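Peer 1: The file below is final_1.txt, compact mmCIF, N, CA and C atoms:
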# COMPACT_ATOMS: atom_id res chain seq x y z
N MET A 1 56.18 53.19 119.17
CA MET A 1 55.16 53.39 120.18
C MET A 1 53.97 52.47 119.94
N GLU A 2 53.59 52.28 118.69
CA GLU A 2 52.46 51.40 118.39
C GLU A 2 52.73 49.97 118.85
N LYS A 3 53.97 49.49 118.65
CA LYS A 3 54.30 48.13 119.08
C LYS A 3 54.18 48.01 120.59
N PHE A 4 54.60 49.06 121.31
CA PHE A 4 54.48 49.05 122.76
C PHE A 4 53.02 48.96 123.17
N VAL A 5 52.18 49.78 122.57
CA VAL A 5 50.75 49.79 122.89
C VAL A 5 50.11 48.46 122.53
N ASP A 6 50.50 47.88 121.39
CA ASP A 6 49.96 46.58 120.98
C ASP A 6 50.31 45.48 121.97
N LYS A 7 51.45 45.57 122.62
CA LYS A 7 51.90 44.53 123.55
C LYS A 7 51.26 44.64 124.93
N LEU A 8 50.61 45.77 125.21
CA LEU A 8 49.97 45.92 126.51
C LEU A 8 48.85 44.90 126.67
N LYS A 9 48.85 44.25 127.82
CA LYS A 9 47.80 43.29 128.15
C LYS A 9 46.83 43.97 129.11
N GLY A 10 45.72 43.35 129.32
CA GLY A 10 44.73 43.88 130.25
C GLY A 10 45.31 44.14 131.63
N THR A 11 46.16 43.21 132.10
CA THR A 11 46.76 43.39 133.42
C THR A 11 47.70 44.60 133.44
N ASP A 12 48.38 44.86 132.32
CA ASP A 12 49.26 46.03 132.25
C ASP A 12 48.45 47.32 132.34
N ILE A 13 47.30 47.34 131.69
CA ILE A 13 46.44 48.54 131.71
C ILE A 13 45.95 48.79 133.13
N VAL A 14 45.52 47.74 133.82
CA VAL A 14 45.08 47.86 135.21
C VAL A 14 46.24 48.33 136.08
N GLN A 15 47.41 47.78 135.84
CA GLN A 15 48.59 48.16 136.61
C GLN A 15 48.94 49.63 136.39
N ILE A 16 48.89 50.08 135.17
CA ILE A 16 49.17 51.49 134.88
C ILE A 16 48.12 52.37 135.54
N ARG A 17 46.85 51.96 135.47
CA ARG A 17 45.79 52.73 136.13
C ARG A 17 46.04 52.82 137.63
N ASN A 18 46.37 51.69 138.26
CA ASN A 18 46.64 51.69 139.70
C ASN A 18 47.87 52.51 140.04
N PHE A 19 48.90 52.43 139.18
CA PHE A 19 50.10 53.23 139.38
C PHE A 19 49.75 54.73 139.34
N LEU A 20 48.89 55.11 138.41
CA LEU A 20 48.50 56.51 138.30
C LEU A 20 47.68 56.96 139.51
N ILE A 21 46.79 56.11 140.00
CA ILE A 21 45.99 56.45 141.18
C ILE A 21 46.89 56.62 142.40
N VAL A 22 47.76 55.65 142.63
CA VAL A 22 48.71 55.75 143.75
C VAL A 22 49.57 56.99 143.56
N GLY A 23 50.00 57.21 142.33
CA GLY A 23 50.84 58.38 142.03
C GLY A 23 50.16 59.69 142.35
N VAL A 24 48.89 59.80 142.03
CA VAL A 24 48.15 61.04 142.32
C VAL A 24 48.06 61.26 143.83
N VAL A 25 47.75 60.20 144.57
CA VAL A 25 47.65 60.31 146.03
C VAL A 25 49.00 60.71 146.63
N VAL A 26 50.06 60.02 146.24
CA VAL A 26 51.38 60.30 146.79
C VAL A 26 51.89 61.67 146.33
N THR A 27 51.61 62.03 145.09
CA THR A 27 52.05 63.33 144.58
C THR A 27 51.34 64.46 145.33
N ALA A 28 50.04 64.31 145.57
CA ALA A 28 49.33 65.33 146.33
C ALA A 28 49.94 65.47 147.73
N PHE A 29 50.21 64.33 148.35
CA PHE A 29 50.85 64.34 149.67
C PHE A 29 52.22 65.03 149.59
N ASP A 30 53.00 64.71 148.57
CA ASP A 30 54.33 65.29 148.36
C ASP A 30 54.25 66.81 148.20
N PHE A 31 53.29 67.28 147.40
CA PHE A 31 53.12 68.73 147.19
C PHE A 31 52.72 69.43 148.49
N VAL A 32 51.80 68.82 149.23
CA VAL A 32 51.37 69.41 150.51
C VAL A 32 52.56 69.48 151.47
N MET A 33 53.34 68.41 151.53
CA MET A 33 54.53 68.40 152.39
C MET A 33 55.53 69.47 151.97
N LEU A 34 55.77 69.59 150.66
CA LEU A 34 56.70 70.61 150.17
C LEU A 34 56.22 72.01 150.56
N LYS A 35 54.96 72.29 150.35
CA LYS A 35 54.38 73.61 150.70
C LYS A 35 54.52 73.86 152.20
N PHE A 36 54.17 72.87 153.01
CA PHE A 36 54.26 73.01 154.46
C PHE A 36 55.70 73.23 154.92
N LEU A 37 56.61 72.42 154.42
CA LEU A 37 58.01 72.54 154.84
C LEU A 37 58.65 73.84 154.38
N THR A 38 58.28 74.30 153.17
CA THR A 38 58.87 75.52 152.63
C THR A 38 58.24 76.77 153.24
N ASP A 39 56.92 76.86 153.16
CA ASP A 39 56.25 78.07 153.63
C ASP A 39 55.93 78.03 155.12
N GLY A 40 55.56 76.86 155.63
CA GLY A 40 55.22 76.74 157.05
C GLY A 40 56.43 76.72 157.96
N LEU A 41 57.38 75.85 157.65
CA LEU A 41 58.57 75.71 158.49
C LEU A 41 59.76 76.52 158.00
N LYS A 42 59.59 77.19 156.85
CA LYS A 42 60.61 78.09 156.28
C LYS A 42 61.93 77.39 155.96
N LEU A 43 61.83 76.13 155.49
CA LEU A 43 63.04 75.41 155.06
C LEU A 43 63.39 75.82 153.64
N HIS A 44 64.65 75.73 153.28
CA HIS A 44 65.11 76.00 151.91
C HIS A 44 64.40 75.02 150.98
N TYR A 45 64.05 75.46 149.78
CA TYR A 45 63.25 74.63 148.87
C TYR A 45 63.93 73.30 148.53
N LEU A 46 65.25 73.25 148.46
CA LEU A 46 65.91 71.98 148.15
C LEU A 46 65.85 71.02 149.33
N ILE A 47 66.01 71.54 150.53
CA ILE A 47 65.89 70.69 151.72
C ILE A 47 64.45 70.21 151.87
N ALA A 48 63.51 71.13 151.68
CA ALA A 48 62.09 70.77 151.78
C ALA A 48 61.70 69.75 150.72
N ALA A 49 62.17 69.92 149.49
CA ALA A 49 61.86 68.98 148.41
C ALA A 49 62.42 67.60 148.73
N GLY A 50 63.63 67.55 149.26
CA GLY A 50 64.24 66.27 149.63
C GLY A 50 63.49 65.58 150.75
N LEU A 51 63.15 66.33 151.80
CA LEU A 51 62.41 65.73 152.92
C LEU A 51 61.02 65.27 152.48
N ALA A 52 60.33 66.09 151.71
CA ALA A 52 59.00 65.70 151.23
C ALA A 52 59.09 64.44 150.38
N PHE A 53 60.12 64.36 149.55
CA PHE A 53 60.32 63.18 148.71
C PHE A 53 60.55 61.94 149.57
N LEU A 54 61.41 62.05 150.57
CA LEU A 54 61.72 60.89 151.42
C LEU A 54 60.49 60.41 152.20
N ILE A 55 59.74 61.34 152.75
CA ILE A 55 58.53 60.97 153.49
C ILE A 55 57.52 60.32 152.54
N SER A 56 57.38 60.88 151.36
CA SER A 56 56.44 60.34 150.37
C SER A 56 56.88 58.98 149.87
N THR A 57 58.17 58.72 149.88
CA THR A 57 58.69 57.44 149.42
C THR A 57 58.14 56.28 150.24
N VAL A 58 58.06 56.45 151.54
CA VAL A 58 57.54 55.38 152.40
C VAL A 58 56.07 55.12 152.07
N LEU A 59 55.29 56.19 151.95
CA LEU A 59 53.89 56.04 151.57
C LEU A 59 53.78 55.38 150.19
N ASN A 60 54.61 55.80 149.26
CA ASN A 60 54.60 55.25 147.91
C ASN A 60 54.92 53.76 147.92
N TYR A 61 55.91 53.36 148.69
CA TYR A 61 56.26 51.94 148.77
C TYR A 61 55.08 51.12 149.27
N LEU A 62 54.50 51.56 150.37
CA LEU A 62 53.40 50.80 150.96
C LEU A 62 52.23 50.67 149.99
N LEU A 63 51.85 51.76 149.35
CA LEU A 63 50.72 51.72 148.42
C LEU A 63 51.07 50.97 147.13
N SER A 64 52.28 51.18 146.62
CA SER A 64 52.68 50.52 145.37
C SER A 64 52.75 49.00 145.51
N MET A 65 53.30 48.53 146.60
CA MET A 65 53.44 47.10 146.77
C MET A 65 52.09 46.44 147.12
N LYS A 66 51.17 47.22 147.62
CA LYS A 66 49.84 46.67 147.92
C LYS A 66 48.93 46.70 146.69
N PHE A 67 48.98 47.77 145.90
CA PHE A 67 48.00 47.96 144.84
C PHE A 67 48.54 47.90 143.41
N VAL A 68 49.87 47.98 143.23
CA VAL A 68 50.39 48.11 141.87
C VAL A 68 51.28 46.94 141.47
N PHE A 69 52.36 46.73 142.19
CA PHE A 69 53.36 45.74 141.78
C PHE A 69 53.30 44.50 142.64
N GLN A 70 53.50 43.37 142.01
CA GLN A 70 53.64 42.12 142.74
C GLN A 70 55.12 41.90 142.97
N GLY A 71 55.48 41.54 144.19
CA GLY A 71 56.88 41.31 144.49
C GLY A 71 57.44 40.12 143.73
N ARG A 72 58.74 40.12 143.59
CA ARG A 72 59.40 38.98 142.95
C ARG A 72 59.43 37.80 143.89
N GLU A 73 59.24 36.62 143.34
CA GLU A 73 59.32 35.41 144.16
C GLU A 73 60.75 35.25 144.65
N GLY A 74 60.88 34.76 145.87
CA GLY A 74 62.20 34.53 146.43
C GLY A 74 62.84 35.77 147.01
N ARG A 75 62.13 36.90 147.01
CA ARG A 75 62.69 38.13 147.57
C ARG A 75 61.82 38.55 148.75
N SER A 76 62.46 38.78 149.89
CA SER A 76 61.72 39.19 151.08
C SER A 76 61.27 40.64 150.95
N ARG A 77 60.35 41.03 151.83
CA ARG A 77 59.89 42.44 151.85
C ARG A 77 61.08 43.37 152.15
N ARG A 78 61.98 42.90 152.99
CA ARG A 78 63.16 43.71 153.33
C ARG A 78 64.01 43.94 152.08
N GLU A 79 64.25 42.88 151.32
CA GLU A 79 65.03 43.01 150.09
C GLU A 79 64.31 43.90 149.07
N GLU A 80 62.98 43.73 148.97
CA GLU A 80 62.21 44.58 148.06
C GLU A 80 62.34 46.04 148.45
N PHE A 81 62.24 46.31 149.77
CA PHE A 81 62.33 47.70 150.22
C PHE A 81 63.71 48.28 149.95
N ILE A 82 64.74 47.47 150.10
CA ILE A 82 66.10 47.96 149.81
C ILE A 82 66.22 48.34 148.35
N VAL A 83 65.73 47.48 147.45
CA VAL A 83 65.75 47.81 146.01
C VAL A 83 64.91 49.06 145.76
N PHE A 84 63.72 49.10 146.36
CA PHE A 84 62.83 50.25 146.23
C PHE A 84 63.53 51.52 146.70
N ALA A 85 64.21 51.44 147.85
CA ALA A 85 64.89 52.61 148.41
C ALA A 85 66.03 53.08 147.49
N ILE A 86 66.75 52.15 146.90
CA ILE A 86 67.82 52.51 145.96
C ILE A 86 67.23 53.23 144.75
N LEU A 87 66.16 52.68 144.20
CA LEU A 87 65.51 53.32 143.05
C LEU A 87 64.96 54.69 143.44
N CYS A 88 64.40 54.79 144.64
CA CYS A 88 63.90 56.09 145.10
C CYS A 88 65.03 57.06 145.38
N GLY A 89 66.16 56.54 145.83
CA GLY A 89 67.34 57.41 146.01
C GLY A 89 67.75 58.04 144.69
N MET A 90 67.67 57.25 143.63
CA MET A 90 67.96 57.80 142.31
C MET A 90 66.88 58.80 141.92
N GLY A 91 65.64 58.51 142.29
CA GLY A 91 64.55 59.46 142.06
C GLY A 91 64.75 60.75 142.85
N LEU A 92 65.26 60.62 144.07
CA LEU A 92 65.57 61.80 144.88
C LEU A 92 66.65 62.65 144.22
N ALA A 93 67.68 61.98 143.71
CA ALA A 93 68.75 62.71 143.01
C ALA A 93 68.19 63.45 141.79
N LEU A 94 67.30 62.79 141.05
CA LEU A 94 66.66 63.45 139.91
C LEU A 94 65.79 64.62 140.37
N THR A 95 65.06 64.43 141.47
CA THR A 95 64.22 65.50 142.02
C THR A 95 65.06 66.72 142.37
N GLU A 96 66.15 66.50 143.08
CA GLU A 96 67.01 67.62 143.47
C GLU A 96 67.64 68.29 142.26
N LEU A 97 68.06 67.49 141.28
CA LEU A 97 68.65 68.04 140.06
C LEU A 97 67.66 68.91 139.30
N PHE A 98 66.45 68.38 139.08
CA PHE A 98 65.45 69.15 138.34
C PHE A 98 64.98 70.37 139.12
N MET A 99 64.81 70.25 140.44
CA MET A 99 64.41 71.42 141.23
C MET A 99 65.47 72.50 141.17
N TRP A 100 66.72 72.11 141.30
CA TRP A 100 67.82 73.08 141.21
C TRP A 100 67.84 73.74 139.83
N LEU A 101 67.67 72.94 138.80
CA LEU A 101 67.68 73.46 137.44
C LEU A 101 66.52 74.43 137.21
N PHE A 102 65.30 73.99 137.56
CA PHE A 102 64.12 74.81 137.29
C PHE A 102 64.03 76.05 138.18
N VAL A 103 64.39 75.92 139.45
CA VAL A 103 64.31 77.06 140.37
C VAL A 103 65.60 77.88 140.33
N GLY A 104 66.71 77.19 140.53
CA GLY A 104 67.99 77.88 140.65
C GLY A 104 68.50 78.50 139.36
N LYS A 105 68.26 77.84 138.25
CA LYS A 105 68.79 78.32 136.97
C LYS A 105 67.73 78.99 136.10
N LEU A 106 66.53 78.41 136.03
CA LEU A 106 65.48 78.96 135.17
C LEU A 106 64.56 79.92 135.93
N GLU A 107 64.74 79.99 137.26
CA GLU A 107 64.03 80.92 138.14
C GLU A 107 62.51 80.75 138.12
N LEU A 108 62.06 79.49 138.01
CA LEU A 108 60.64 79.19 138.12
C LEU A 108 60.24 79.17 139.60
N HIS A 109 58.98 79.41 139.89
CA HIS A 109 58.48 79.27 141.26
C HIS A 109 58.66 77.80 141.66
N TYR A 110 58.98 77.56 142.92
CA TYR A 110 59.30 76.19 143.35
C TYR A 110 58.13 75.23 143.15
N MET A 111 56.90 75.68 143.26
CA MET A 111 55.76 74.77 143.07
C MET A 111 55.58 74.41 141.59
N LEU A 112 55.81 75.35 140.68
CA LEU A 112 55.76 75.06 139.25
C LEU A 112 56.91 74.12 138.88
N ALA A 113 58.08 74.38 139.45
CA ALA A 113 59.23 73.51 139.22
C ALA A 113 58.93 72.09 139.70
N LYS A 114 58.24 71.97 140.82
CA LYS A 114 57.88 70.65 141.35
C LYS A 114 56.95 69.91 140.39
N LEU A 115 56.05 70.65 139.74
CA LEU A 115 55.15 70.04 138.77
C LEU A 115 55.93 69.42 137.61
N PHE A 116 56.86 70.17 137.04
CA PHE A 116 57.68 69.65 135.94
C PHE A 116 58.57 68.51 136.41
N THR A 117 59.14 68.67 137.58
CA THR A 117 60.01 67.64 138.15
C THR A 117 59.24 66.34 138.35
N THR A 118 58.02 66.45 138.84
CA THR A 118 57.18 65.27 139.09
C THR A 118 56.97 64.47 137.81
N PHE A 119 56.76 65.14 136.71
CA PHE A 119 56.56 64.45 135.44
C PHE A 119 57.75 63.55 135.11
N PHE A 120 58.96 64.10 135.17
CA PHE A 120 60.16 63.33 134.81
C PHE A 120 60.45 62.22 135.81
N VAL A 121 60.28 62.51 137.08
CA VAL A 121 60.58 61.50 138.11
C VAL A 121 59.53 60.39 138.09
N THR A 122 58.29 60.70 137.73
CA THR A 122 57.25 59.67 137.62
C THR A 122 57.60 58.67 136.51
N LEU A 123 58.07 59.17 135.39
CA LEU A 123 58.50 58.26 134.32
C LEU A 123 59.60 57.32 134.82
N TRP A 124 60.60 57.89 135.47
CA TRP A 124 61.69 57.09 136.03
C TRP A 124 61.13 56.06 137.01
N SER A 125 60.25 56.48 137.89
CA SER A 125 59.73 55.61 138.94
C SER A 125 59.00 54.39 138.36
N PHE A 126 58.10 54.62 137.43
CA PHE A 126 57.35 53.49 136.89
C PHE A 126 58.27 52.52 136.17
N LEU A 127 59.09 53.03 135.27
CA LEU A 127 59.95 52.15 134.47
C LEU A 127 60.95 51.39 135.34
N SER A 128 61.57 52.06 136.29
CA SER A 128 62.56 51.38 137.13
C SER A 128 61.91 50.34 138.04
N ARG A 129 60.75 50.63 138.57
CA ARG A 129 60.08 49.66 139.44
C ARG A 129 59.56 48.47 138.64
N LYS A 130 59.08 48.74 137.46
CA LYS A 130 58.60 47.66 136.59
C LYS A 130 59.75 46.69 136.29
N ILE A 131 60.92 47.24 136.03
CA ILE A 131 62.08 46.41 135.67
C ILE A 131 62.67 45.70 136.90
N PHE A 132 62.86 46.42 138.01
CA PHE A 132 63.62 45.87 139.12
C PHE A 132 62.81 45.30 140.28
N LEU A 133 61.55 45.64 140.38
CA LEU A 133 60.78 45.17 141.52
C LEU A 133 59.75 44.10 141.20
N GLU A 134 59.22 44.17 140.02
CA GLU A 134 58.08 43.31 139.71
C GLU A 134 58.50 41.89 139.33
N ARG A 135 57.64 40.97 139.65
CA ARG A 135 57.82 39.58 139.28
C ARG A 135 57.72 39.47 137.75
N HIS A 136 58.63 38.74 137.16
CA HIS A 136 58.62 38.55 135.69
C HIS A 136 58.27 37.13 135.34
Have the structure of the file written as C-alpha cells, please.

Peer 2:
Amino acid sequence: MEKFVDKLKGTDIVQIRNFLIVGVVVTAFDFVMLKFLTDGLKLHYLIAAGLAFLISTVLNYLLSMKFVFQGREGRSRREEFIVFAILCGMGLALTELFMWLFVGKLELHYMLAKLFTTFFVTLWSFLSRKIFLERH
C-alpha cells in the first residue's frame, strides 16, 4: 500500500478527488431513484436497483468524462461510451449480486444493502475505468 501511495502524483490526487465528488453526486441520485422506484412506484427492489443503476450510469458517464477521466487518443466518444457501458454492465451485475446477497440472503433493509453494495461497486468502477477508459 505504501508503494501505491508513494506513486500517486498530484494529478492522480485531483483525479481521485474529482472521482469522489462525481461519485457522491451520482450515488445520491442513485439512492433517490432507488427509493422512488421501490417505495413510490412499488417496484421489486432488484428491478428498482437495476433501473436506478442504469439511469445513474448515463449521468455518471457524462460527469466522469467531463470532470474525471481523459479519453484515450484515437477513440471516439461512441467507442468510449461502449467501453463505459460494458464496464457499467459488469457493475450492474455486481450491484444485483450484492443486493440479492444482502437483502435476499442476509435480510438487510434494501437501503442499507445499497450502501454496502455501493462501496464494492465504487471500487470496481474506479479501477476498471482507470484501466480501460483513461489515456495512458

Peer 1: Rounded to one decimal in Å, what is the spacing between CA of Ser64 (chain A) and atom N of Met111 (chain A)?

Peer 2: 25.6 Å

Peer 1: What is the distance, in Å and to one decimal place, between atom N of Leu97 (chain A) and atom N of Leu34 (chain A)?

Peer 2: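 That distance, rounded to one decimal, is 15.6 Å.
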
Peer 1: Identify the residues around (60.4, 67.3, 148.6) within a radius of 8 Å, measuring from only C-alpha atoms in the coordinates stated by the file, and give them as number ranges by chain.

Peer 2: A: 30-31, 33-34, 45-54, 95

Peer 1: The selected residues should be written to file as a PDB file, in the frame of the given file (atoms: N, CA and C atoms).

Peer 2:
ATOM      1  N   ASP A  30      53.000  64.710 148.570  1.00  0.00           N
ATOM      2  CA  ASP A  30      54.330  65.290 148.360  1.00  0.00           C
ATOM      3  C   ASP A  30      54.250  66.810 148.200  1.00  0.00           C
ATOM      4  N   PHE A  31      53.290  67.280 147.400  1.00  0.00           N
ATOM      5  CA  PHE A  31      53.120  68.730 147.190  1.00  0.00           C
ATOM      6  C   PHE A  31      52.720  69.430 148.490  1.00  0.00           C
ATOM      7  N   MET A  33      53.340  68.410 151.530  1.00  0.00           N
ATOM      8  CA  MET A  33      54.530  68.400 152.390  1.00  0.00           C
ATOM      9  C   MET A  33      55.530  69.470 151.970  1.00  0.00           C
ATOM     10  N   LEU A  34      55.770  69.590 150.660  1.00  0.00           N
ATOM     11  CA  LEU A  34      56.700  70.610 150.170  1.00  0.00           C
ATOM     12  C   LEU A  34      56.220  72.010 150.560  1.00  0.00           C
ATOM     13  N   TYR A  45      64.050  75.460 149.780  1.00  0.00           N
ATOM     14  CA  TYR A  45      63.250  74.630 148.870  1.00  0.00           C
ATOM     15  C   TYR A  45      63.930  73.300 148.530  1.00  0.00           C
ATOM     16  N   LEU A  46      65.250  73.250 148.460  1.00  0.00           N
ATOM     17  CA  LEU A  46      65.910  71.980 148.150  1.00  0.00           C
ATOM     18  C   LEU A  46      65.850  71.020 149.330  1.00  0.00           C
ATOM     19  N   ILE A  47      66.010  71.540 150.530  1.00  0.00           N
ATOM     20  CA  ILE A  47      65.890  70.690 151.720  1.00  0.00           C
ATOM     21  C   ILE A  47      64.450  70.210 151.870  1.00  0.00           C
ATOM     22  N   ALA A  48      63.510  71.130 151.680  1.00  0.00           N
ATOM     23  CA  ALA A  48      62.090  70.770 151.780  1.00  0.00           C
ATOM     24  C   ALA A  48      61.700  69.750 150.720  1.00  0.00           C
ATOM     25  N   ALA A  49      62.170  69.920 149.490  1.00  0.00           N
ATOM     26  CA  ALA A  49      61.860  68.980 148.410  1.00  0.00           C
ATOM     27  C   ALA A  49      62.420  67.600 148.730  1.00  0.00           C
ATOM     28  N   GLY A  50      63.630  67.550 149.260  1.00  0.00           N
ATOM     29  CA  GLY A  50      64.240  66.270 149.630  1.00  0.00           C
ATOM     30  C   GLY A  50      63.490  65.580 150.750  1.00  0.00           C
ATOM     31  N   LEU A  51      63.150  66.330 151.800  1.00  0.00           N
ATOM     32  CA  LEU A  51      62.410  65.730 152.920  1.00  0.00           C
ATOM     33  C   LEU A  51      61.020  65.270 152.480  1.00  0.00           C
ATOM     34  N   ALA A  52      60.330  66.090 151.710  1.00  0.00           N
ATOM     35  CA  ALA A  52      59.000  65.700 151.230  1.00  0.00           C
ATOM     36  C   ALA A  52      59.090  64.440 150.380  1.00  0.00           C
ATOM     37  N   PHE A  53      60.120  64.360 149.550  1.00  0.00           N
ATOM     38  CA  PHE A  53      60.320  63.180 148.710  1.00  0.00           C
ATOM     39  C   PHE A  53      60.550  61.940 149.570  1.00  0.00           C
ATOM     40  N   LEU A  54      61.410  62.050 150.570  1.00  0.00           N
ATOM     41  CA  LEU A  54      61.720  60.890 151.420  1.00  0.00           C
ATOM     42  C   LEU A  54      60.490  60.410 152.200  1.00  0.00           C
ATOM     43  N   THR A  95      65.060  64.430 141.470  1.00  0.00           N
ATOM     44  CA  THR A  95      64.220  65.500 142.020  1.00  0.00           C
ATOM     45  C   THR A  95      65.060  66.720 142.370  1.00  0.00           C
TER      46      THR A  95
END

Peer 1: Between atom N of Gln70 (chain A) and CA of Asp12 (chain A), what is the distance, to one decimal in Å?

Peer 2: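 Computing the Euclidean distance for atom N of Gln70 (chain A) and CA of Asp12 (chain A) yields 11.0 Å.
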
Peer 1: Box for region 35-44 of chain A - axis-aligned, 4 Å on each of the six sides, all listed atoms - centre and size in Å to one decimal, as JSON.

Peer 2:
{"center_x": 59.6, "center_y": 75.2, "center_z": 154.4, "size_x": 18.9, "size_y": 13.8, "size_z": 16.1}
